[in-house]
$ cat my_file.pdb   # PDB, C-alpha atoms and all ligand atoms
ATOM      1  CA  MET A 188      -2.575  67.273  69.941
ATOM      2  CA  SER A 189      -6.215  67.683  68.928
ATOM      3  CA  THR A 190      -8.365  70.283  70.641
ATOM      4  CA  THR A 191     -11.466  69.227  72.528
ATOM      5  CA  PHE A 192     -13.589  72.108  71.277
ATOM      6  CA  GLN A 193     -14.230  74.096  68.120
ATOM      7  CA  LEU A 194     -13.403  77.591  69.270
ATOM      8  CA  ASP A 195     -13.944  81.046  67.888
ATOM      9  CA  THR A 196     -12.545  83.304  70.563
ATOM     10  CA  SER A 197     -13.397  86.563  68.795
ATOM     11  CA  THR A 198     -17.169  86.061  69.071
ATOM     12  CA  SER A 199     -19.392  84.432  71.629
ATOM     13  CA  ARG A 200     -20.872  80.995  71.641
ATOM     14  CA  ALA A 201     -22.813  81.851  74.742
ATOM     15  CA  ASN A 202     -26.423  80.784  74.861
ATOM     16  CA  PRO A 203     -28.498  82.931  74.462
ATOM     17  CA  THR A 204     -26.098  84.481  71.984
ATOM     18  CA  PRO A 205     -25.268  88.059  72.927
ATOM     19  CA  GLN A 206     -24.526  90.798  70.429
ATOM     20  CA  PRO A 207     -21.343  89.722  68.692
ATOM     21  CA  MET A 208     -18.524  92.039  69.708
ATOM     22  CA  ARG A 209     -14.811  91.743  69.856
ATOM     23  CA  ARG A 210     -13.096  90.594  72.983
ATOM     24  CA  LEU A 211     -10.765  92.824  74.872
ATOM     25  CA  THR A 212      -7.178  91.799  74.213
ATOM     26  CA  VAL A 213      -4.114  91.341  76.362
ATOM     27  CA  PRO A 214      -2.367  94.404  74.826
ATOM     28  CA  LYS A 215      -5.452  96.527  75.602
ATOM     29  CA  ILE A 216      -5.345  95.377  79.245
ATOM     30  CA  ARG A 217      -1.610  96.118  79.427
ATOM     31  CA  MET A 218      -2.111  99.586  77.911
ATOM     32  CA  ARG A 219      -4.655 100.570  80.562
ATOM     33  CA  LYS A 220      -1.621 101.582  82.649
ATOM     34  CA  GLN A 221       0.210 104.405  80.933
ATOM     35  CA  ASP A 222       3.279 106.050  82.464
ATOM     36  CA  GLY A 223       2.390 104.600  85.860
ATOM     37  CA  VAL A 224      -1.241 105.748  85.792
ATOM     38  CA  THR A 225      -4.378 103.610  85.361
ATOM     39  CA  ALA A 226      -7.290 105.984  84.821
ATOM     40  CA  GLU A 227      -9.898 103.199  84.969
ATOM     41  CA  PRO A 228      -9.095 100.325  87.342
ATOM     42  CA  LEU A 229      -9.230  96.814  85.895
ATOM     43  CA  VAL A 230     -12.101  94.594  87.038
ATOM     44  CA  MET A 231     -11.367  90.885  87.355
ATOM     45  CA  LEU A 232     -13.397  88.063  88.939
ATOM     46  CA  THR A 233     -12.908  84.326  88.989
ATOM     47  CA  ALA A 234     -15.159  82.163  86.816
ATOM     48  CA  TYR A 235     -15.276  78.386  86.574
ATOM     49  CA  THR A 236     -18.437  77.575  84.593
ATOM     50  CA  ALA A 237     -20.111  78.715  81.371
ATOM     51  CA  ARG A 238     -23.203  80.139  83.077
ATOM     52  CA  GLN A 239     -21.129  82.000  85.633
ATOM     53  CA  ALA A 240     -19.030  83.454  82.802
ATOM     54  CA  GLN A 241     -22.191  84.592  80.980
ATOM     55  CA  LEU A 242     -23.359  86.475  84.051
ATOM     56  CA  LEU A 243     -20.007  88.110  84.852
ATOM     57  CA  ASP A 244     -18.666  88.790  81.370
ATOM     58  CA  GLU A 245     -20.204  92.157  80.492
ATOM     59  CA  HIS A 246     -19.106  93.653  83.819
ATOM     60  CA  CYS A 247     -15.512  92.452  83.817
ATOM     61  CA  ASP A 248     -12.340  93.267  81.902
ATOM     62  CA  LEU A 249     -10.817  89.905  82.829
ATOM     63  CA  LEU A 250     -12.208  86.540  83.910
ATOM     64  CA  LEU A 251      -9.750  84.390  85.832
ATOM     65  CA  VAL A 252     -10.167  80.637  85.734
ATOM     66  CA  GLY A 253      -8.407  80.395  89.083
ATOM     67  CA  ASP A 254      -6.960  77.219  90.529
ATOM     68  CA  SER A 255      -9.031  78.230  93.565
ATOM     69  CA  LEU A 256     -11.593  76.016  91.808
ATOM     70  CA  GLY A 257      -9.856  73.237  93.727
ATOM     71  CA  GLN A 258     -11.439  74.452  96.956
ATOM     72  CA  VAL A 259     -14.508  76.234  95.568
ATOM     73  CA  ILE A 260     -15.739  73.596  93.096
ATOM     74  CA  TYR A 261     -14.059  70.370  94.176
ATOM     75  CA  GLY A 262     -13.910  70.804  97.967
ATOM     76  CA  LEU A 263     -10.165  70.155  98.021
ATOM     77  CA  PRO A 264      -8.105  71.383 100.992
ATOM     78  CA  SER A 265      -5.781  73.545  98.855
ATOM     79  CA  THR A 266      -4.832  74.283  95.239
ATOM     80  CA  ILE A 267      -2.009  71.732  95.301
ATOM     81  CA  PRO A 268      -4.012  68.752  93.890
ATOM     82  CA  VAL A 269      -5.499  70.733  90.977
ATOM     83  CA  THR A 270      -4.578  69.246  87.576
ATOM     84  CA  LEU A 271      -4.093  70.617  84.063
ATOM     85  CA  GLU A 272      -7.153  68.637  82.940
ATOM     86  CA  MET A 273      -9.385  70.297  85.574
ATOM     87  CA  MET A 274      -8.138  73.715  84.463
ATOM     88  CA  ALA A 275      -8.669  72.861  80.791
ATOM     89  CA  ASN A 276     -12.251  71.672  81.290
ATOM     90  CA  HIS A 277     -13.324  74.710  83.312
ATOM     91  CA  GLY A 278     -11.323  77.096  81.120
ATOM     92  CA  ALA A 279     -13.091  75.874  77.972
ATOM     93  CA  ALA A 280     -16.484  76.338  79.671
ATOM     94  CA  VAL A 281     -15.612  79.913  80.672
ATOM     95  CA  VAL A 282     -14.433  80.807  77.168
ATOM     96  CA  ARG A 283     -17.662  79.371  75.712
ATOM     97  CA  GLY A 284     -19.704  81.445  78.146
ATOM     98  CA  SER A 285     -17.968  84.775  77.477
ATOM     99  CA  TYR A 286     -17.413  87.123  74.592
ATOM    100  CA  HIS A 287     -16.020  90.337  76.013
ATOM    101  CA  ALA A 288     -13.559  89.749  78.858
ATOM    102  CA  VAL A 289     -10.020  88.460  78.453
ATOM    103  CA  VAL A 290      -9.974  84.933  79.886
ATOM    104  CA  VAL A 291      -6.841  84.108  81.900
ATOM    105  CA  ILE A 292      -6.240  80.572  83.116
ATOM    106  CA  ASP A 293      -4.143  79.526  86.107
ATOM    107  CA  MET A 294      -1.238  77.126  85.594
ATOM    108  CA  PRO A 295      -1.741  74.532  88.351
ATOM    109  CA  PHE A 296       0.954  73.499  90.829
ATOM    110  CA  GLY A 297       3.546  71.168  89.289
ATOM    111  CA  SER A 298       2.757  72.105  85.685
ATOM    112  CA  TYR A 299       5.350  74.865  85.145
ATOM    113  CA  GLU A 300       7.965  75.163  87.887
ATOM    114  CA  ALA A 301      10.488  72.573  86.625
ATOM    115  CA  SER A 302      11.639  74.461  83.520
ATOM    116  CA  PRO A 303      10.552  77.006  80.899
ATOM    117  CA  GLN A 304      10.064  74.067  78.504
ATOM    118  CA  GLN A 305       7.681  72.331  80.929
ATOM    119  CA  ALA A 306       5.818  75.616  81.359
ATOM    120  CA  PHE A 307       5.530  76.079  77.581
ATOM    121  CA  GLU A 308       4.074  72.596  77.084
ATOM    122  CA  SER A 309       1.529  73.074  79.884
ATOM    123  CA  ALA A 310       0.557  76.592  78.825
ATOM    124  CA  ALA A 311       0.228  75.570  75.150
ATOM    125  CA  PHE A 312      -2.016  72.663  76.221
ATOM    126  CA  LEU A 313      -4.233  75.038  78.227
ATOM    127  CA  LEU A 314      -4.538  77.623  75.467
ATOM    128  CA  LYS A 315      -5.249  74.958  72.805
ATOM    129  CA  GLN A 316      -7.846  73.195  74.922
ATOM    130  CA  THR A 317      -9.661  76.297  76.126
ATOM    131  CA  GLY A 318      -9.200  79.267  73.807
ATOM    132  CA  ALA A 319      -8.127  81.392  76.801
ATOM    133  CA  ALA A 320      -5.853  84.307  75.901
ATOM    134  CA  ALA A 321      -3.263  84.090  78.678
ATOM    135  CA  VAL A 322      -1.982  82.080  81.614
ATOM    136  CA  LYS A 323      -1.227  83.070  85.197
ATOM    137  CA  LEU A 324       1.566  81.583  87.276
ATOM    138  CA  GLU A 325       2.746  82.107  90.834
ATOM    139  CA  GLY A 326       6.218  83.140  91.951
ATOM    140  CA  GLY A 327       8.633  86.019  91.476
ATOM    141  CA  GLY A 328      12.255  86.209  90.331
ATOM    142  CA  ALA A 329      12.506  82.421  90.045
ATOM    143  CA  MET A 330       9.817  82.534  87.334
ATOM    144  CA  ALA A 331      11.248  85.463  85.347
ATOM    145  CA  GLU A 332      13.068  83.273  82.802
ATOM    146  CA  THR A 333       9.881  81.260  82.266
ATOM    147  CA  VAL A 334       7.771  84.404  81.781
ATOM    148  CA  ALA A 335      10.190  85.671  79.101
ATOM    149  CA  PHE A 336      10.367  82.221  77.451
ATOM    150  CA  LEU A 337       6.569  82.005  77.185
ATOM    151  CA  GLY A 338       6.178  85.607  76.025
ATOM    152  CA  GLN A 339       8.721  85.101  73.234
ATOM    153  CA  ARG A 340       6.704  82.075  72.101
ATOM    154  CA  GLY A 341       3.285  83.724  71.940
ATOM    155  CA  ILE A 342       1.942  83.106  75.433
ATOM    156  CA  PRO A 343       1.032  86.172  77.514
ATOM    157  CA  VAL A 344       1.654  85.722  81.233
ATOM    158  CA  MET A 345       0.026  87.287  84.296
ATOM    159  CA  GLY A 346       2.269  87.098  87.375
ATOM    160  CA  HIS A 347       1.220  86.519  91.001
ATOM    161  CA  VAL A 348       3.269  87.703  94.002
ATOM    162  CA  GLY A 349       2.859  88.135  97.758
ATOM    163  CA  LEU A 350       0.713  85.389  99.216
ATOM    164  CA  THR A 351       1.053  82.621  96.644
ATOM    165  CA  PRO A 352      -1.339  79.817  97.692
ATOM    166  CA  GLN A 353       0.514  77.095  95.765
ATOM    167  CA  ALA A 354       3.452  77.724  98.143
ATOM    168  CA  VAL A 355       1.300  77.115 101.240
ATOM    169  CA  ASN A 356       3.593  74.321 102.414
ATOM    170  CA  VAL A 357       6.591  76.642 102.336
ATOM    171  CA  LEU A 358       4.776  79.696 103.721
ATOM    172  CA  GLY A 359       3.078  77.640 106.444
ATOM    173  CA  GLY A 360      -0.379  79.166 105.904
ATOM    174  CA  TYR A 361      -2.335  81.934 104.252
ATOM    175  CA  ALA A 362      -1.392  84.902 106.461
ATOM    176  CA  ALA A 363      -0.708  88.294 104.870
ATOM    177  CA  ARG A 364       2.854  88.776 103.624
ATOM    178  CA  GLY A 365       5.281  91.678 103.724
ATOM    179  CA  ARG A 366       5.247  92.372 107.470
ATOM    180  CA  SER A 367       9.037  92.103 107.862
ATOM    181  CA  ASP A 368      11.461  94.346 105.961
ATOM    182  CA  SER A 369      13.105  91.415 104.202
ATOM    183  CA  GLU A 370       9.779  89.893 103.142
ATOM    184  CA  ALA A 371       8.547  93.277 101.911
ATOM    185  CA  ALA A 372      11.726  93.886  99.905
ATOM    186  CA  LYS A 373      11.480  90.439  98.307
ATOM    187  CA  ILE A 374       7.889  91.027  97.172
ATOM    188  CA  VAL A 375       8.900  94.284  95.471
ATOM    189  CA  THR A 376      11.977  92.655  93.876
ATOM    190  CA  ASP A 377       9.854  89.713  92.685
ATOM    191  CA  ALA A 378       7.283  91.999  91.072
ATOM    192  CA  LYS A 379       9.992  94.031  89.316
ATOM    193  CA  ALA A 380      11.637  90.859  87.980
ATOM    194  CA  LEU A 381       8.302  89.683  86.533
ATOM    195  CA  ASP A 382       7.611  93.109  85.038
ATOM    196  CA  ASP A 383      11.070  93.199  83.416
ATOM    197  CA  ALA A 384      10.473  89.673  82.050
ATOM    198  CA  GLY A 385       7.277  90.854  80.316
ATOM    199  CA  THR A 386       4.211  90.025  82.417
ATOM    200  CA  PHE A 387       1.195  91.978  81.121
ATOM    201  CA  ALA A 388      -0.262  92.274  84.641
ATOM    202  CA  ILE A 389       0.601  91.052  88.142
ATOM    203  CA  VAL A 390      -1.771  89.831  90.859
ATOM    204  CA  VAL A 391      -0.658  91.133  94.262
ATOM    205  CA  GLU A 392      -2.278  88.945  96.897
ATOM    206  CA  GLY A 393      -2.427  89.210 100.686
ATOM    207  CA  VAL A 394       0.200  91.849 101.375
ATOM    208  CA  VAL A 395       0.257  94.783 103.778
ATOM    209  CA  GLU A 396      -1.038  97.874 102.012
ATOM    210  CA  PRO A 397       2.180  99.944 101.798
ATOM    211  CA  ILE A 398       3.882  97.071  99.950
ATOM    212  CA  ALA A 399       0.979  96.767  97.497
ATOM    213  CA  ILE A 400       1.329 100.502  96.812
ATOM    214  CA  GLU A 401       5.109 100.258  96.444
ATOM    215  CA  VAL A 402       4.777  97.333  94.026
ATOM    216  CA  THR A 403       2.166  99.232  91.995
ATOM    217  CA  GLN A 404       4.443 102.267  91.760
ATOM    218  CA  SER A 405       7.514 100.147  90.931
ATOM    219  CA  VAL A 406       6.203  98.166  87.952
ATOM    220  CA  SER A 407       5.159  99.359  84.515
ATOM    221  CA  CYS A 408       2.396  96.765  84.030
ATOM    222  CA  PRO A 409      -0.943  96.914  85.902
ATOM    223  CA  THR A 410      -1.194  95.320  89.337
ATOM    224  CA  ILE A 411      -4.397  93.551  90.334
ATOM    225  CA  GLY A 412      -4.947  93.456  94.067
ATOM    226  CA  ILE A 413      -6.656  90.918  96.305
ATOM    227  CA  GLY A 414      -6.206  91.649  99.977
ATOM    228  CA  ALA A 415      -3.814  94.397  98.898
ATOM    229  CA  SER A 416      -4.876  98.035  98.271
ATOM    230  CA  ALA A 417      -7.408 100.175  96.419
ATOM    231  CA  GLN A 418      -4.313 101.876  94.942
ATOM    232  CA  CYS A 419      -3.605  98.789  92.828
ATOM    233  CA  ASP A 420      -4.418  99.169  89.120
ATOM    234  CA  GLY A 421      -7.300  96.708  89.433
ATOM    235  CA  GLN A 422      -8.995  94.279  91.805
ATOM    236  CA  VAL A 423      -9.908  90.604  91.798
ATOM    237  CA  LEU A 424     -12.021  88.490  94.143
ATOM    238  CA  VAL A 425     -13.197  84.906  94.106
ATOM    239  CA  THR A 426     -16.770  85.323  92.836
ATOM    240  CA  GLU A 427     -18.281  82.861  95.316
ATOM    241  CA  ASP A 428     -16.671  84.839  98.168
ATOM    242  CA  MET A 429     -18.099  88.201  97.079
ATOM    243  CA  LEU A 430     -21.522  86.701  96.405
ATOM    244  CA  GLY A 431     -21.694  85.284  99.928
ATOM    245  CA  MET A 432     -21.623  81.594  99.094
ATOM    246  CA  PHE A 433     -19.420  80.725 102.074
ATOM    247  CA  ASP A 434     -19.848  81.250 105.819
ATOM    248  CA  ARG A 435     -16.180  82.052 106.310
ATOM    249  CA  VAL A 436     -15.415  85.588 105.181
ATOM    250  CA  PRO A 437     -11.704  86.459 105.087
ATOM    251  CA  ARG A 438     -10.885  90.064 106.035
ATOM    252  CA  PHE A 439     -10.114  91.106 102.450
ATOM    253  CA  VAL A 440     -13.471  89.891 101.093
ATOM    254  CA  LYS A 441     -16.471  92.170 100.834
ATOM    255  CA  ARG A 442     -19.642  90.080 100.819
ATOM    256  CA  TYR A 443     -21.865  91.942  98.343
ATOM    257  CA  GLU A 444     -24.792  89.507  98.705
ATOM    258  CA  ASP A 445     -25.999  86.570 100.780
ATOM    259  CA  ILE A 446     -26.493  84.067  97.980
ATOM    260  CA  ALA A 447     -26.043  81.137 100.376
ATOM    261  CA  GLY A 448     -28.965  82.482 102.423
ATOM    262  CA  ILE A 449     -31.102  82.940  99.294
ATOM    263  CA  ILE A 450     -30.343  79.372  98.152
ATOM    264  CA  GLY A 451     -31.124  77.996 101.609
ATOM    265  CA  LYS A 452     -34.520  79.743 101.753
ATOM    266  CA  THR A 453     -35.426  78.848  98.174
ATOM    267  CA  VAL A 454     -34.568  75.179  98.575
ATOM    268  CA  ALA A 455     -36.496  75.015 101.862
ATOM    269  CA  THR A 456     -39.602  76.309 100.005
ATOM    270  CA  TYR A 457     -39.113  73.733  97.232
ATOM    271  CA  ALA A 458     -38.707  70.906  99.751
ATOM    272  CA  GLU A 459     -41.861  71.968 101.605
ATOM    273  CA  GLU A 460     -43.887  72.143  98.356
ATOM    274  CA  VAL A 461     -42.698  68.689  97.265
ATOM    275  CA  ARG A 462     -43.599  67.257 100.664
ATOM    276  CA  ASN A 463     -47.077  68.825 100.757
ATOM    277  CA  ARG A 464     -47.660  67.980  97.052
ATOM    278  CA  SER A 465     -48.223  71.585  95.970
ATOM    279  CA  PHE A 466     -45.357  71.218  93.466
ATOM    280  CA  PRO A 467     -45.706  70.518  90.599
ATOM    281  CA  GLY A 468     -48.856  72.630  90.196
ATOM    282  CA  GLU A 469     -51.183  72.951  87.238
ATOM    283  CA  GLU A 470     -48.756  75.251  85.343
ATOM    284  CA  GLN A 471     -45.958  72.726  85.561
ATOM    285  CA  THR A 472     -47.880  69.621  84.459
ATOM    286  CA  TYR A 473     -48.823  68.407  80.975
ATOM    287  CA  GLN A 474     -52.452  67.439  80.269
ATOM    288  CA  PRO A 475     -53.781  65.468  77.294
ATOM    289  CA  LYS A 476     -54.976  67.696  74.400
ATOM    290  CA  GLY A 477     -58.716  68.220  73.694
TER     291      GLY A 477
HETATM  292  O1  LIG A 501      -6.939  81.011  92.019
HETATM  293  C1  LIG A 501      -7.420  82.134  92.192
HETATM  294  O2  LIG A 501      -8.633  82.320  92.319
HETATM  295  C2  LIG A 501      -6.495  83.255  92.265
HETATM  296  C3  LIG A 501      -7.045  84.575  92.684
HETATM  297  C4  LIG A 501      -7.406  84.534  94.105
HETATM  298  C5  LIG A 501      -6.120  85.686  92.362
HETATM  299  O3  LIG A 501      -5.339  83.099  91.991
END

$ encode --input "my_file.pdb" --output "structure tokens" --more "lines below"
Ligand code: KIV
Amino acid sequence: MSTTFQLDTSTSRANPTPQPMRRLTVPKIRMRKQDGVTAEPLVMLTAYTARQAQLLDEHCDLLLVGDSLGQVIYGLPSTIPVTLEMMANHGAAVVRGSYHAVVVIDMPFGSYEASPQQAFESAAFLLKQTGAAAVKLEGGGAMAETVAFLGQRGIPVMGHVGLTPQAVNVLGGYAARGRSDSEAAKIVTDAKALDDAGTFAIVVEGVVEPIAIEVTQSVSCPTIGIGASAQCDGQVLVTEDMLGMFDRVPRFVKRYEDIAGIIGKTVATYAEEVRNRSFPGEEQTYQPKG
């Protein structure tokens, strides 16, 4: 299989080119949790494009090319229709736009669940096409064999437990998980199974806080919370959510800016200037020399 891009993942190809420096590595991320303690929480945000990656990179330990791009970029109703090709194209853009953070790429629904072999082929395709350092997959104990299989073959895996959006049709929606004793116990068991199988980190999404804390205390690798707890070993949000690109703000999202409002106002000014012919002005037009 030929790769789409010439990649050098140890330095940046971002434009403008930043100071060359080495990327963080998966082992360095894993080692941030020592004997159950993470002195400095891990910072992760989603990224889907090269420019977005350039802007986020220096502030983040990890950039996640999330399959949430299905909804955020493509306007799809869920992550279910997202394909390996979509993930590969956006993953390659994010790697090209970053030089510091570890880039993790989501395995889309249907690309890994059938068998460890299927998962290896899909994950190898993603890493070859993008230059990302690791993959993320959803599910607990049922995925443990696959996590070990990939790890033994050179592919680091980030797990994802609790609310797993690819299972929306089984879960019946996106409500927080872990409210019943049996559900809570399963989330903890799932996380432990992934940890034992060798995940280097585990996303804990949409669970009641005591379960997020119990998971964090029960696994040796770092947990990365979203709608979970500040006691997790790190946090992740969908970048467009925290920037205020959407009107709907789920409870677990903190809207740090109102970028949608800024875009609305800016575009209204542009439209007015086009209509009253004040744009383009003298500074934006070319005149003959002499
Ligand atoms: O796809 C995604 O963006 C994710 C995060 C929400 C963890 O999986």

$ atom_distance --input "my_file.pdb" --atom1 "CA of Leu337 in chain A" --atom2 "CA of Gly365 in chain A"
28.3 Å

$ residues_around --input "my_file.pdb" --residues "range 317-333 of chain A" --least-positions-apart "2" --cutoff "6 Å" --atoms "only C-alpha atoms" --output "PyMOL selection string"
chain A and resi 275+278-279+290-294+303+313-315+335-336+343-348+377+380-381+384

$ atom_distance --input "my_file.pdb" --atom1 "CA of Ala301 in chain A" --atom2 "CA of Leu424 in chain A"
28.6 Å

$ residues_near_ligand --input "my_file.pdb" --ligand "ligand LIG 501 (chain A)" --cutoff "8 Å" --atoms "all atoms listed in the file" --output "list of chain:residue names"
A:Thr233, A:Leu251, A:Val252, A:Gly253, A:Asp254, A:Ser255, A:Leu256, A:Thr266, A:Asp293, A:Lys323, A:His347, A:Thr351, A:Pro352, A:Val390, A:Val391, A:Glu392, A:Ile413, A:Val423, A:Leu424, A:Val425

$ residues_around --input "my_file.pdb" --residues "range 371-375 of chain A" --least-positions-apart "3" --cutoff "9 Å" --atoms "all atoms listed in the file" --output "ChimeraX atom specification"
/A:327,348-349,364-368,378-380,394-395,398-399,401-402,405-406

$ atom_distance --input "my_file.pdb" --atom1 "CA of Ala354 in chain A" --atom2 "CA of Arg340 in chain A"
26.6 Å

$ closest_residue --input "my_file.pdb" --among "A:Leu350, A:Val334, A:Ile342, A:Ala310" --to "Asp382 in chain A" --atoms "only C-alpha atoms"
A:Val334
